[in-house]
Structures are given as C-alpha cells and as structure tokens.
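> Below is coords-v8.cif; it holds mmCIF, C-alpha atoms.
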data_final
#
loop_
_atom_site.group_PDB
_atom_site.id
_atom_site.type_symbol
_atom_site.label_atom_id
_atom_site.label_comp_id
_atom_site.auth_asym_id
_atom_site.auth_seq_id
_atom_site.Cartn_x
_atom_site.Cartn_y
_atom_site.Cartn_z
ATOM 1 C CA TRP A 282 -12.037 15.884 -8.496
ATOM 2 C CA ARG A 283 -9.878 14.927 -5.512
ATOM 3 C CA CYS A 284 -8.410 11.606 -6.628
ATOM 4 C CA VAL A 285 -7.273 8.833 -4.294
ATOM 5 C CA ALA A 286 -5.486 5.687 -5.501
ATOM 6 C CA LEU A 287 -5.783 2.625 -3.280
ATOM 7 C CA ASN A 288 -2.945 0.131 -2.913
ATOM 8 C CA LEU A 289 -4.328 -3.141 -1.610
ATOM 9 C CA ARG A 290 -2.549 -4.746 1.317
ATOM 10 C CA GLY A 291 0.923 -5.979 0.487
ATOM 11 C CA CYS A 292 1.038 -4.234 -2.918
ATOM 12 C CA ASN A 293 3.260 -1.373 -4.146
ATOM 13 C CA GLY A 294 5.229 -1.086 -0.938
ATOM 14 C CA VAL A 295 2.281 -1.419 1.443
ATOM 15 C CA PRO A 296 3.308 -3.788 4.250
ATOM 16 C CA LEU A 297 1.403 -6.944 5.005
ATOM 17 C CA SER A 298 0.684 -6.981 8.714
ATOM 18 C CA SER A 299 -1.138 -10.320 8.815
ATOM 19 C CA ALA A 300 -1.372 -13.511 6.775
ATOM 20 C CA LYS A 301 -4.727 -12.394 5.377
ATOM 21 C CA VAL A 302 -3.699 -11.431 1.836
ATOM 22 C CA TYR A 303 -5.778 -9.224 -0.448
ATOM 23 C CA CYS A 304 -8.513 -10.953 -2.422
ATOM 24 C CA ALA A 305 -11.676 -10.319 -4.436
ATOM 25 C CA ALA A 306 -13.982 -11.208 -1.544
ATOM 26 C CA SER A 307 -12.444 -8.859 1.021
ATOM 27 C CA ALA A 308 -13.700 -5.278 1.014
ATOM 28 C CA GLU A 309 -11.856 -4.180 4.150
ATOM 29 C CA ASP A 310 -9.176 -2.195 2.282
ATOM 30 C CA VAL A 311 -11.794 -0.234 0.318
ATOM 31 C CA ARG A 312 -13.808 0.289 3.489
ATOM 32 C CA ALA A 313 -10.734 1.701 5.274
ATOM 33 C CA ALA A 314 -9.992 4.027 2.339
ATOM 34 C CA VAL A 315 -13.580 5.327 2.118
ATOM 35 C CA ASP A 316 -13.721 5.895 5.883
ATOM 36 C CA ALA A 317 -10.405 7.771 5.789
ATOM 37 C CA ALA A 318 -11.597 9.974 2.902
ATOM 38 C CA ARG A 319 -14.809 10.776 4.748
ATOM 39 C CA ARG A 320 -12.926 11.784 7.872
ATOM 40 C CA ARG A 321 -10.718 14.104 5.840
ATOM 41 C CA TYR A 322 -13.489 15.573 3.660
ATOM 42 C CA PRO A 323 -16.718 14.984 5.621
ATOM 43 C CA SER A 324 -18.940 17.055 3.317
ATOM 44 C CA ALA A 325 -17.630 15.722 -0.014
ATOM 45 C CA PRO A 326 -19.469 12.937 -1.876
ATOM 46 C CA ILE A 327 -17.342 9.847 -2.492
ATOM 47 C CA LEU A 328 -17.247 8.073 -5.862
ATOM 48 C CA LEU A 329 -15.510 4.788 -6.683
ATOM 49 C CA ALA A 330 -13.892 3.354 -9.817
ATOM 50 C CA GLY A 331 -12.483 -0.154 -10.102
ATOM 51 C CA TYR A 332 -10.723 -2.175 -12.757
ATOM 52 C CA SER A 333 -10.432 -5.941 -13.184
ATOM 53 C CA LEU A 334 -10.055 -7.542 -9.724
ATOM 54 C CA GLY A 335 -10.873 -4.130 -8.244
ATOM 55 C CA THR A 336 -14.404 -4.462 -9.648
ATOM 56 C CA TYR A 337 -14.942 -7.507 -7.446
ATOM 57 C CA VAL A 338 -13.601 -5.730 -4.371
ATOM 58 C CA ILE A 339 -15.748 -2.616 -4.893
ATOM 59 C CA GLY A 340 -18.819 -4.654 -5.846
ATOM 60 C CA THR A 341 -18.459 -6.683 -2.649
ATOM 61 C CA TYR A 342 -18.061 -3.475 -0.631
ATOM 62 C CA LEU A 343 -21.188 -1.881 -2.126
ATOM 63 C CA ALA A 344 -23.297 -4.995 -1.556
ATOM 64 C CA GLU A 345 -22.130 -5.399 2.027
ATOM 65 C CA GLU A 346 -22.768 -1.750 2.892
ATOM 66 C CA ASN A 347 -26.062 -1.389 1.042
ATOM 67 C CA SER A 348 -27.393 -4.641 2.540
ATOM 68 C CA HIS A 349 -27.056 -3.046 5.944
ATOM 69 C CA GLY A 350 -28.894 0.109 4.874
ATOM 70 C CA ARG A 351 -25.726 2.187 4.521
ATOM 71 C CA ASP A 352 -24.956 4.375 1.488
ATOM 72 C CA PRO A 353 -21.338 5.486 1.965
ATOM 73 C CA VAL A 354 -20.677 6.430 -1.673
ATOM 74 C CA ALA A 355 -22.661 8.278 -4.336
ATOM 75 C CA GLY A 356 -21.769 6.124 -7.340
ATOM 76 C CA ALA A 357 -19.359 3.620 -8.858
ATOM 77 C CA VAL A 358 -18.001 2.520 -12.239
ATOM 78 C CA LEU A 359 -16.579 -0.990 -12.627
ATOM 79 C CA VAL A 360 -14.482 -1.565 -15.764
ATOM 80 C CA SER A 361 -13.473 -4.955 -17.221
ATOM 81 C CA CYS A 362 -15.206 -7.048 -14.585
ATOM 82 C CA PRO A 363 -15.085 -10.805 -15.237
ATOM 83 C CA LEU A 364 -18.840 -11.292 -14.988
ATOM 84 C CA ASP A 365 -18.703 -14.933 -13.924
ATOM 85 C CA PRO A 366 -15.618 -15.936 -11.880
ATOM 86 C CA HIS A 367 -16.125 -19.665 -12.411
ATOM 87 C CA SER A 368 -16.186 -19.609 -16.221
ATOM 88 C CA SER A 369 -13.653 -16.765 -16.345
ATOM 89 C CA HIS A 370 -11.036 -18.774 -14.494
ATOM 90 C CA ALA A 371 -11.861 -21.863 -16.543
ATOM 91 C CA GLY A 372 -11.136 -19.855 -19.697
ATOM 92 C CA LEU A 373 -7.693 -18.935 -18.369
ATOM 93 C CA ASN A 374 -6.739 -22.601 -18.347
ATOM 94 C CA ARG A 375 -6.876 -23.040 -22.101
ATOM 95 C CA ASP A 376 -5.604 -21.473 -25.312
ATOM 96 C CA ALA A 377 -4.487 -17.813 -25.033
ATOM 97 C CA GLY A 378 -5.826 -17.633 -21.498
ATOM 98 C CA LEU A 379 -2.839 -19.647 -20.307
ATOM 99 C CA VAL A 380 -0.558 -16.727 -21.238
ATOM 100 C CA TYR A 381 -2.455 -14.390 -18.892
ATOM 101 C CA ASN A 382 -2.696 -17.091 -16.241
ATOM 102 C CA GLY A 383 1.059 -17.661 -16.270
ATOM 103 C CA ALA A 384 1.919 -13.954 -16.166
ATOM 104 C CA ILE A 385 -0.439 -13.216 -13.280
ATOM 105 C CA THR A 386 0.674 -16.288 -11.340
ATOM 106 C CA ALA A 387 4.306 -15.188 -11.681
ATOM 107 C CA GLU A 388 3.384 -11.873 -10.039
ATOM 108 C CA LEU A 389 1.508 -13.706 -7.289
ATOM 109 C CA ARG A 390 4.576 -15.844 -6.593
ATOM 110 C CA ARG A 391 6.639 -12.654 -6.251
ATOM 111 C CA TYR A 392 3.990 -11.283 -3.890
ATOM 112 C CA TYR A 393 4.278 -14.444 -1.809
ATOM 113 C CA ARG A 394 8.085 -14.361 -1.701
ATOM 114 C CA LYS A 395 8.033 -10.700 -0.706
ATOM 115 C CA HIS A 396 5.817 -11.466 2.290
ATOM 116 C CA VAL A 397 7.002 -14.992 3.058
ATOM 117 C CA ASP A 398 7.858 -14.024 6.646
ATOM 118 C CA VAL A 399 4.175 -13.248 7.219
ATOM 119 C CA VAL A 400 2.442 -15.893 5.095
ATOM 120 C CA GLY A 401 5.104 -18.599 4.959
ATOM 121 C CA HIS A 402 3.433 -20.662 7.664
ATOM 122 C CA VAL A 403 0.342 -20.862 5.432
ATOM 123 C CA GLY A 404 1.799 -21.685 2.043
ATOM 124 C CA GLY A 405 4.806 -23.519 3.427
ATOM 125 C CA ALA A 406 8.368 -23.460 2.209
ATOM 126 C CA GLY A 407 7.420 -25.415 -0.896
ATOM 127 C CA PHE A 408 4.774 -22.977 -2.142
ATOM 128 C CA SER A 409 5.066 -22.673 -5.926
ATOM 129 C CA ALA A 410 1.718 -21.854 -7.514
ATOM 130 C CA LYS A 411 1.596 -22.710 -11.209
ATOM 131 C CA LEU A 412 -1.868 -21.230 -11.811
ATOM 132 C CA ILE A 413 -3.950 -18.459 -10.250
ATOM 133 C CA ARG A 414 -6.243 -21.086 -8.753
ATOM 134 C CA ASP A 415 -3.278 -22.630 -6.893
ATOM 135 C CA PHE A 416 -2.596 -19.294 -5.175
ATOM 136 C CA GLU A 417 -6.271 -18.913 -4.327
ATOM 137 C CA ARG A 418 -6.514 -22.419 -2.898
ATOM 138 C CA GLU A 419 -3.283 -22.386 -0.891
ATOM 139 C CA LEU A 420 -3.408 -18.823 0.463
ATOM 140 C CA ILE A 421 -6.733 -17.046 -0.016
ATOM 141 C CA VAL A 422 -9.022 -19.924 0.959
ATOM 142 C CA ALA A 423 -6.770 -20.791 3.899
ATOM 143 C CA THR A 424 -6.459 -17.260 5.294
ATOM 144 C CA HIS A 425 -9.994 -15.971 4.650
ATOM 145 C CA GLY A 426 -11.929 -18.893 6.076
ATOM 146 C CA PHE A 427 -13.561 -20.328 2.961
ATOM 147 C CA ASP A 428 -14.065 -24.070 2.577
ATOM 148 C CA SER A 429 -13.039 -24.161 -1.088
ATOM 149 C CA VAL A 430 -12.146 -22.048 -4.106
ATOM 150 C CA GLU A 431 -15.691 -22.544 -5.402
ATOM 151 C CA GLU A 432 -17.136 -21.085 -2.215
ATOM 152 C CA TYR A 433 -14.717 -18.160 -2.497
ATOM 153 C CA TYR A 434 -15.837 -17.465 -6.075
ATOM 154 C CA HIS A 435 -19.491 -17.703 -5.105
ATOM 155 C CA TYR A 436 -19.168 -15.058 -2.409
ATOM 156 C CA PHE A 437 -18.077 -12.220 -4.718
ATOM 157 C CA ALA A 438 -19.762 -13.403 -7.940
ATOM 158 C CA PRO A 439 -21.505 -10.392 -9.553
ATOM 159 C CA GLN A 440 -24.741 -12.311 -10.158
ATOM 160 C CA ARG A 441 -24.978 -12.896 -6.403
ATOM 161 C CA ILE A 442 -24.135 -9.421 -5.141
ATOM 162 C CA ILE A 443 -25.852 -7.202 -7.740
ATOM 163 C CA PRO A 444 -29.378 -7.661 -6.282
ATOM 164 C CA SER A 445 -28.056 -6.143 -3.036
ATOM 165 C CA ILE A 446 -26.428 -3.061 -4.603
ATOM 166 C CA ARG A 447 -28.461 0.138 -4.225
ATOM 167 C CA THR A 448 -25.724 2.565 -5.231
ATOM 168 C CA PRO A 449 -25.830 3.889 -8.840
ATOM 169 C CA THR A 450 -23.300 1.584 -10.509
ATOM 170 C CA LEU A 451 -22.144 1.107 -14.097
ATOM 171 C CA TYR A 452 -20.364 -2.028 -15.341
ATOM 172 C CA VAL A 453 -18.337 -1.546 -18.555
ATOM 173 C CA VAL A 454 -17.085 -4.682 -20.339
ATOM 174 C CA ALA A 455 -15.842 -5.744 -23.765
ATOM 175 C CA LYS A 456 -17.037 -8.876 -25.518
ATOM 176 C CA ASP A 457 -13.457 -9.713 -26.572
ATOM 177 C CA ASP A 458 -12.130 -9.574 -23.003
ATOM 178 C CA PRO A 459 -10.406 -12.946 -22.341
ATOM 179 C CA PHE A 460 -11.361 -12.647 -18.660
ATOM 180 C CA LEU A 461 -15.057 -11.914 -19.275
ATOM 181 C CA GLY A 462 -16.539 -15.393 -18.805
ATOM 182 C CA GLU A 463 -20.221 -16.175 -19.219
ATOM 183 C CA THR A 464 -22.557 -13.187 -19.023
ATOM 184 C CA GLU A 465 -26.104 -14.581 -18.961
ATOM 185 C CA GLN A 466 -26.659 -14.730 -15.210
ATOM 186 C CA CYS A 467 -25.038 -11.368 -14.497
ATOM 187 C CA GLU A 468 -27.045 -9.696 -17.248
ATOM 188 C CA ALA A 469 -30.238 -11.175 -15.804
ATOM 189 C CA ALA A 470 -29.353 -9.798 -12.355
ATOM 190 C CA ILE A 471 -28.681 -6.348 -13.830
ATOM 191 C CA ARG A 472 -31.961 -6.344 -15.771
ATOM 192 C CA GLY A 473 -33.729 -6.891 -12.463
ATOM 193 C CA SER A 474 -31.899 -4.022 -10.753
ATOM 194 C CA SER A 475 -32.992 -0.389 -10.557
ATOM 195 C CA HIS A 476 -29.505 0.742 -9.539
ATOM 196 C CA VAL A 477 -27.019 -1.172 -11.707
ATOM 197 C CA ALA A 478 -26.426 -0.769 -15.455
ATOM 198 C CA LEU A 479 -24.252 -2.662 -17.939
ATOM 199 C CA ALA A 480 -22.498 -1.235 -21.003
ATOM 200 C CA HIS A 481 -20.813 -3.808 -23.211
ATOM 201 C CA VAL A 482 -18.993 -3.200 -26.465
ATOM 202 C CA ARG A 483 -17.689 -5.516 -29.149
ATOM 203 C CA LYS A 484 -14.006 -4.639 -28.744
ATOM 204 C CA GLY A 485 -11.991 -3.220 -25.903
ATOM 205 C CA GLY A 486 -9.971 -6.083 -24.491
ATOM 206 C CA HIS A 487 -9.161 -6.190 -20.803
ATOM 207 C CA VAL A 488 -8.702 -2.723 -19.284
ATOM 208 C CA ALA A 489 -7.879 -1.261 -22.718
ATOM 209 C CA PHE A 490 -10.766 0.472 -24.576
ATOM 210 C CA LEU A 491 -8.374 2.619 -26.618
ATOM 211 C CA GLU A 492 -9.648 5.655 -28.482
ATOM 212 C CA LYS A 493 -9.832 5.003 -32.222
ATOM 213 C CA GLY A 494 -6.684 5.913 -34.132
ATOM 214 C CA VAL A 495 -4.509 6.803 -31.125
ATOM 215 C CA GLY A 496 -2.262 3.741 -30.986
ATOM 216 C CA VAL A 497 -1.497 1.429 -28.073
ATOM 217 C CA PHE A 498 -0.267 4.250 -25.823
ATOM 218 C CA GLY A 499 -3.217 6.566 -26.437
ATOM 219 C CA PRO A 500 -6.031 7.491 -24.056
ATOM 220 C CA CYS A 501 -8.835 5.107 -23.086
ATOM 221 C CA TRP A 502 -12.366 6.219 -23.908
ATOM 222 C CA THR A 503 -13.586 4.596 -20.694
ATOM 223 C CA ASP A 504 -11.903 7.450 -18.780
ATOM 224 C CA ARG A 505 -14.374 9.865 -20.336
ATOM 225 C CA VAL A 506 -17.351 7.567 -19.773
ATOM 226 C CA LEU A 507 -16.297 7.031 -16.177
ATOM 227 C CA GLY A 508 -16.182 10.752 -15.481
ATOM 228 C CA GLU A 509 -19.511 11.412 -17.174
ATOM 229 C CA PHE A 510 -21.321 8.666 -15.270
ATOM 230 C CA LEU A 511 -19.885 9.597 -11.887
ATOM 231 C CA ALA A 512 -20.731 13.261 -12.469
ATOM 232 C CA SER A 513 -24.301 12.264 -13.311
ATOM 233 C CA THR A 514 -24.694 10.501 -9.963
ATOM 234 C CA LEU A 515 -24.253 13.869 -8.248
ATOM 235 C CA ALA A 516 -27.052 15.530 -10.233
ATOM 236 C CA PRO A 517 -30.470 15.956 -8.576
ATOM 237 C CA ARG A 518 -32.597 12.854 -9.107
ATOM 238 C CA SER A 519 -35.863 13.007 -11.006
ATOM 239 C CA ALA A 520 -39.234 12.486 -9.374
ATOM 240 C CA ALA A 521 -39.553 9.159 -11.200
ATOM 241 C CA ALA A 522 -36.237 7.926 -9.800
ATOM 242 C CA ARG A 523 -37.219 8.936 -6.272
ATOM 243 C CA ALA A 524 -40.535 7.125 -6.695
ATOM 244 C CA VAL A 525 -38.698 3.905 -7.611
ATOM 245 C CA ASP A 526 -36.610 4.172 -4.461
ATOM 246 C CA ARG A 527 -39.697 4.676 -2.314
ATOM 247 C CA SER A 528 -41.375 1.618 -3.851
ATOM 248 C CA LEU A 529 -38.537 -0.743 -2.936
ATOM 249 C CA LYS A 530 -39.027 -3.011 0.011
ATOM 250 C CA PRO A 531 -37.159 -1.661 3.063
ATOM 251 C CA LEU A 532 -34.145 -3.551 4.307
ATOM 252 C CA SER A 533 -34.683 -5.562 7.454
ATOM 253 C CA GLU A 534 -32.705 -7.645 9.890
ATOM 254 C CA ARG A 535 -33.603 -10.699 7.822
ATOM 255 C CA ASN A 536 -32.633 -9.572 4.348
ATOM 256 C CA GLU A 537 -29.425 -7.881 5.516
ATOM 257 C CA GLN A 538 -28.061 -11.428 5.621
ATOM 258 C CA ARG A 539 -27.931 -11.415 1.825
ATOM 259 C CA ILE A 540 -24.447 -9.917 2.018
ATOM 260 C CA SER A 541 -22.898 -9.808 5.454
ATOM 261 C CA ARG A 542 -19.598 -8.448 6.640
ATOM 262 C CA GLU A 543 -19.595 -11.455 8.951
ATOM 263 C CA VAL A 544 -18.911 -13.692 5.979
ATOM 264 C CA PHE A 545 -16.722 -16.164 7.815
ATOM 265 C CA ASN A 546 -19.186 -17.204 10.475
ATOM 266 C CA GLY A 547 -21.270 -18.964 7.838
ATOM 267 C CA ARG A 548 -24.353 -16.706 8.022
ATOM 268 C CA TRP A 549 -24.209 -15.903 4.320
ATOM 269 C CA ARG A 550 -24.104 -19.502 3.098
ATOM 270 C CA GLU A 551 -27.453 -20.318 1.534
ATOM 271 C CA ASN A 552 -27.561 -24.119 1.798
ATOM 272 C CA GLY A 553 -31.098 -24.544 3.060
ATOM 273 C CA GLY A 554 -30.145 -25.530 6.621
ATOM 274 C CA GLU A 555 -32.235 -25.332 9.758
ATOM 275 C CA ASP A 556 -31.564 -21.602 10.217
ATOM 276 C CA ARG A 557 -32.727 -20.891 6.673
ATOM 277 C CA ARG A 558 -35.917 -22.933 7.061
ATOM 278 C CA ALA A 559 -36.614 -21.243 10.397
ATOM 279 C CA ILE A 560 -36.340 -17.787 8.810
ATOM 280 C CA GLY A 561 -38.641 -18.807 5.974
ATOM 281 C CA ALA A 562 -41.211 -20.216 8.392
ATOM 282 C CA ALA A 563 -41.133 -17.060 10.507
ATOM 283 C CA ASN A 564 -41.817 -15.032 7.366
ATOM 284 C CA GLY A 565 -44.781 -17.054 6.198
ATOM 285 C CA GLY A 566 -42.696 -19.285 3.992
ATOM 286 C CA GLU A 567 -41.030 -16.380 2.177
ATOM 287 C CA ASP A 568 -37.353 -15.606 2.616
ATOM 288 C CA ASP A 569 -36.059 -12.065 2.135
ATOM 289 C CA ALA A 570 -32.440 -13.205 1.860
ATOM 290 C CA LEU A 571 -30.707 -13.845 -1.422
ATOM 291 C CA GLN A 572 -31.469 -17.366 -2.560
ATOM 292 C CA SER A 573 -29.261 -19.474 -4.768
ATOM 293 C CA HIS A 574 -29.332 -23.065 -5.864
ATOM 294 C CA VAL A 575 -27.609 -25.215 -8.443
ATOM 295 C CA ASP A 576 -29.467 -26.334 -11.513
ATOM 296 C CA PRO A 577 -27.540 -29.369 -12.837
ATOM 297 C CA LYS A 578 -28.307 -28.439 -16.432
ATOM 298 C CA ARG A 579 -27.608 -24.705 -16.360
ATOM 299 C CA GLY A 580 -25.419 -24.126 -13.320
ATOM 300 C CA LEU A 581 -25.940 -21.558 -10.602
ATOM 301 C CA ARG A 582 -29.259 -19.755 -10.788
ATOM 302 C CA ILE A 583 -30.281 -16.728 -8.769
ATOM 303 C CA ARG A 584 -33.582 -15.639 -7.266
ATOM 304 C CA SER A 585 -33.765 -12.532 -5.164
ATOM 305 C CA ARG A 586 -36.395 -10.707 -3.186
ATOM 306 C CA LEU A 587 -35.668 -7.031 -2.595
#
Represent the supplied structure as structure tokens.


Amino acid sequence: WRCVALNLRGCNGVPLSSAKVYCAASAEDVRAAVDAARRRYPSAPILLAGYSLGTYVIGTYLAEENSHGRDPVAGAVLVSCPLDPHSSHAGLNRDAGLVYNGAITAELRRYYRKHVDVVGHVGGAGFSAKLIRDFERELIVATHGFDSVEEYYHYFAPQRIIPSIRTPTLYVVAKDDPFLGETEQCEAAIRGSSHVALAHVRKGGHVAFLEKGVGVFGPCWTDRVLGEFLASTLAPRSAAARAVDRSLKPLSERNEQRISREVFNGRWRENGGEDRRAIGAANGGEDDALQSHVDPKRGLRIRSRL
C-alpha cells in the first residue's frame, strides 16, 4: 500500500488560509487529497479510511461524488462513526460524556487561538466555547453558510447520505462507544443499501478496538479488518454483484440533488418548497431526490428513491 495521511485545514501545522474552518460537512480537503493522489499515481486505485469525525468527512465526500455519477475511489472503511449526530452530541452533555466534551472543546479553543488572525472577526475577541456545540454554532455555522447547528448536523448525518453512496463502504462501530448515539435510522438506511455494510461489536470504545490480551498500547484489530475489506474491494466482482449494479436506477439531473457540492445555495434543503413541488410534478408526482421529514413522535425519518 502507498499510504497518505491527511491533515485537515488548520491542523498539525497546516495553515488556515481562510475563515472557513474544517468541519464534518465539508469534503473539500478529502477531495483535494484524492485529486492530488490521482495526479501522482493515475493508474492506482484509491481507497479511503476514516476515524471519528473523519468518517463524516469521507461519508460526505462519497455521497457528493457518487450522487453526481462519479466513482473516484474503490472502497472505504469508516471506524467509530457517531451514527446519529443529534443524539451523539446530546449524549456528550451528560454524565461521562461531559469529560470528552470538555477535552475536545479545549482543543478547539486552542485551534481558534492559533488561527485567531484569520477567524477572529467571526468568533470575536470574546470567543470562549465551553462545549463542542458552542464552537460549531459560533464558527462552523457562521463560516459554512448553515442557518443553525441542527441544519449542519442534518447535512452530514449518515442516515441522510448513505442512500447516495455507491462505493463499497464498511462502517465499524462499538456498542459501548460514548459517541455512538442512536443507531436505528442509520441501520435502516444501511439495510436498504447494496453498497454499504455495518459491523458492530459489543465492546471497542471510541477508536480503540484493542486486540484481546495486548494491553492499552497494543494493536487494534480494526487495522486488520480495514486492510482485508479494502483489499476485497479490488477483487473482481461476481456476476451477481454486477447484476445488482445494472438493476439500479441511473442517476439523473434530478436525483443528483440528493447530495450536492453546492450545499450553500440551498438546493439540498428538502423543505417541500415550490422548487420541490415543481420537480415532483414534472416527474409524475414522484421525486428522485432524497426526501426527509420530521415525525414528531420518532424524529427524523428517511425515505429514498435510488
């Protein structure tokens, strides 16, 4: 394997050239890295692996690219993905979750201070986030064009993007992960996908998954699983798998709006406005785009037409 490690903008010595900080809903850094790798090794297949917040970034990238009929990578493994950002963040505001919330927020404050010359006009001189959500509201929402933190979460939520992913992708999560959140909606989306799989285990924590009997500094068994899955994506596909691909409804100009790189012009928002009704009417009442609505009793529900 030729391995490439990506430092998101403003992290690990990478300069921040604009006030648009890194976030879960922005796939531009991954896109730049994949494009650079392809230019350097044009004949080599590209595989992706992401952890924690990186699973959101890669998932968003795959959905955006695949929705436009592009297949830039051969496969992906996403480890320790919080499967529902809303309930995941809510869990970090109580009990042991507050410990993680405080530690991460402290790092985010250091990130802000390091780049205050670039982002200071956004957060202001008095910026002092106490929780992750404060950082998201004061910097991410402001610099990425979202109306609220809830809208930001909705954009990269796995249950929303998974129906658009057509790259072989494996999610690996642990039931005891404090960041996991609710899983029902994401699991339902994965069951309806021919390209995305979920492996969940009882214990593994968050980005841990230690081999049995090796101690806290031993190897993670997910490294082996990751390599095996990615290698399998390069193997010739069976006739049955190719038949499934051929049976899927082709992407069109209408359903590419499910996940759009033009996120900030409002095209992706599915609020049932005039544009949405016009598309449905033009398609005989059926809408190819990802549909979402809020059920007051059960929360966000997803219906998709591929």

> Determine the nearest neighbour of Val397 in chain A from the options A:Ser519, A:Ser333, A:Gln440, A:Ser299, counting only C-alpha atoms.

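Looking at the shortest contact to Val397 in chain A, the residue is A:Ser299.
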
> Between CA of Asn288 in chain A and CA of Arg319 in chain A, what distance in Å does the model show, to one decimal?

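Separation between CA of Asn288 in chain A and CA of Arg319 in chain A: 17.7 Å.
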
> Select, from A:Ile471, A:Val380, A:Ile446, A:Leu491, the residue with the minimum atom-to-atom distance to Glu345 in chain A, counting only C-alpha atoms.

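Smallest distance to Glu345 in chain A is found for A:Ile446.
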
> Report as a list in words the full result of the PyMOL selection byres ((chain A and resi 433-436) around 7) when it is applied to this structure.

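Evaluating the PyMOL selection byres ((chain A and resi 433-436) around 7) on this file yields Ala306, Pro366, His367, Val422, Phe427, Ser429, Val430, Glu431, Glu432, Phe437 and Ala438 of chain A.
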
> Tell me which protein, DNA and RNA residues are within 10 Å of range 451-458 of chain A, counting all atoms listed in the file, leaving out same-chain ones fewer than 2 positions away, and put them as a VMD selection string.

chain A and resid 330 to 333 336 340 356 to 364 369 448 to 449 460 to 462 464 471 476 to 490 503 506 to 507 510 to 511

> So how far away is CA of Leu287 in chain A from CA of Tyr381 in chain A, in Å?

23.3 Å

> From the options A:His425, A:Lys411, A:Arg283, A:Arg351, which residue's atoms come nearest to Ser307 in chain A, counting all atoms listed in the file?

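Closest to Ser307 in chain A, using all atoms listed in the file: A:His425.
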
> Where atoms are absent from range 504-520 of chain A, fill them in so it carries N, CA, C and O atoms, then output it as a compact mmCIF listing (two decimals), in the coordinates of the input.


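In the end it all went to out-v1.txt:
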# COMPACT_ATOMS: atom_id res chain seq x y z
N ASP A 504 -12.17 6.37 -19.74
CA ASP A 504 -11.90 7.45 -18.78
C ASP A 504 -12.97 8.53 -18.89
O ASP A 504 -13.43 9.08 -17.88
N ARG A 505 -13.36 8.84 -20.12
CA ARG A 505 -14.37 9.86 -20.34
C ARG A 505 -15.75 9.38 -19.85
O ARG A 505 -16.48 10.12 -19.18
N VAL A 506 -16.07 8.13 -20.20
CA VAL A 506 -17.35 7.57 -19.77
C VAL A 506 -17.44 7.51 -18.25
O VAL A 506 -18.47 7.82 -17.65
N LEU A 507 -16.35 7.12 -17.63
CA LEU A 507 -16.30 7.03 -16.18
C LEU A 507 -16.62 8.38 -15.54
O LEU A 507 -17.45 8.48 -14.63
N GLY A 508 -15.95 9.43 -16.03
CA GLY A 508 -16.18 10.75 -15.48
C GLY A 508 -17.60 11.24 -15.69
O GLY A 508 -18.21 11.84 -14.80
N GLU A 509 -18.15 10.97 -16.88
CA GLU A 509 -19.51 11.41 -17.17
C GLU A 509 -20.53 10.71 -16.28
O GLU A 509 -21.46 11.34 -15.76
N PHE A 510 -20.36 9.40 -16.09
CA PHE A 510 -21.32 8.67 -15.27
C PHE A 510 -21.24 9.11 -13.81
O PHE A 510 -22.27 9.35 -13.17
N LEU A 511 -20.03 9.21 -13.29
CA LEU A 511 -19.89 9.60 -11.89
C LEU A 511 -20.42 11.01 -11.65
O LEU A 511 -21.04 11.28 -10.62
N ALA A 512 -20.19 11.91 -12.60
CA ALA A 512 -20.73 13.26 -12.47
C ALA A 512 -22.25 13.23 -12.45
O ALA A 512 -22.90 13.99 -11.72
N SER A 513 -22.84 12.34 -13.25
CA SER A 513 -24.30 12.26 -13.31
C SER A 513 -24.91 11.78 -12.00
O SER A 513 -26.06 12.11 -11.68
N THR A 514 -24.15 11.00 -11.23
CA THR A 514 -24.69 10.50 -9.96
C THR A 514 -24.84 11.62 -8.94
O THR A 514 -25.54 11.45 -7.93
N LEU A 515 -24.17 12.74 -9.17
CA LEU A 515 -24.25 13.87 -8.25
C LEU A 515 -25.36 14.84 -8.62
O LEU A 515 -25.66 15.76 -7.86
N ALA A 516 -25.97 14.64 -9.79
CA ALA A 516 -27.05 15.53 -10.23
C ALA A 516 -28.33 15.21 -9.46
O ALA A 516 -28.54 14.07 -9.03
N PRO A 517 -29.20 16.21 -9.27
CA PRO A 517 -30.47 15.96 -8.58
C PRO A 517 -31.26 14.86 -9.28
O PRO A 517 -31.34 14.82 -10.52
N ARG A 518 -31.85 13.97 -8.52
CA ARG A 518 -32.60 12.85 -9.11
C ARG A 518 -34.00 13.30 -9.49
O ARG A 518 -34.60 14.17 -8.87
N SER A 519 -34.53 12.67 -10.52
CA SER A 519 -35.86 13.01 -11.01
C SER A 519 -36.92 12.47 -10.05
O SER A 519 -36.66 11.60 -9.21
N ALA A 520 -38.12 12.96 -10.20
CA ALA A 520 -39.23 12.49 -9.37
C ALA A 520 -39.49 11.00 -9.62
O ALA A 520 -39.82 10.25 -8.69
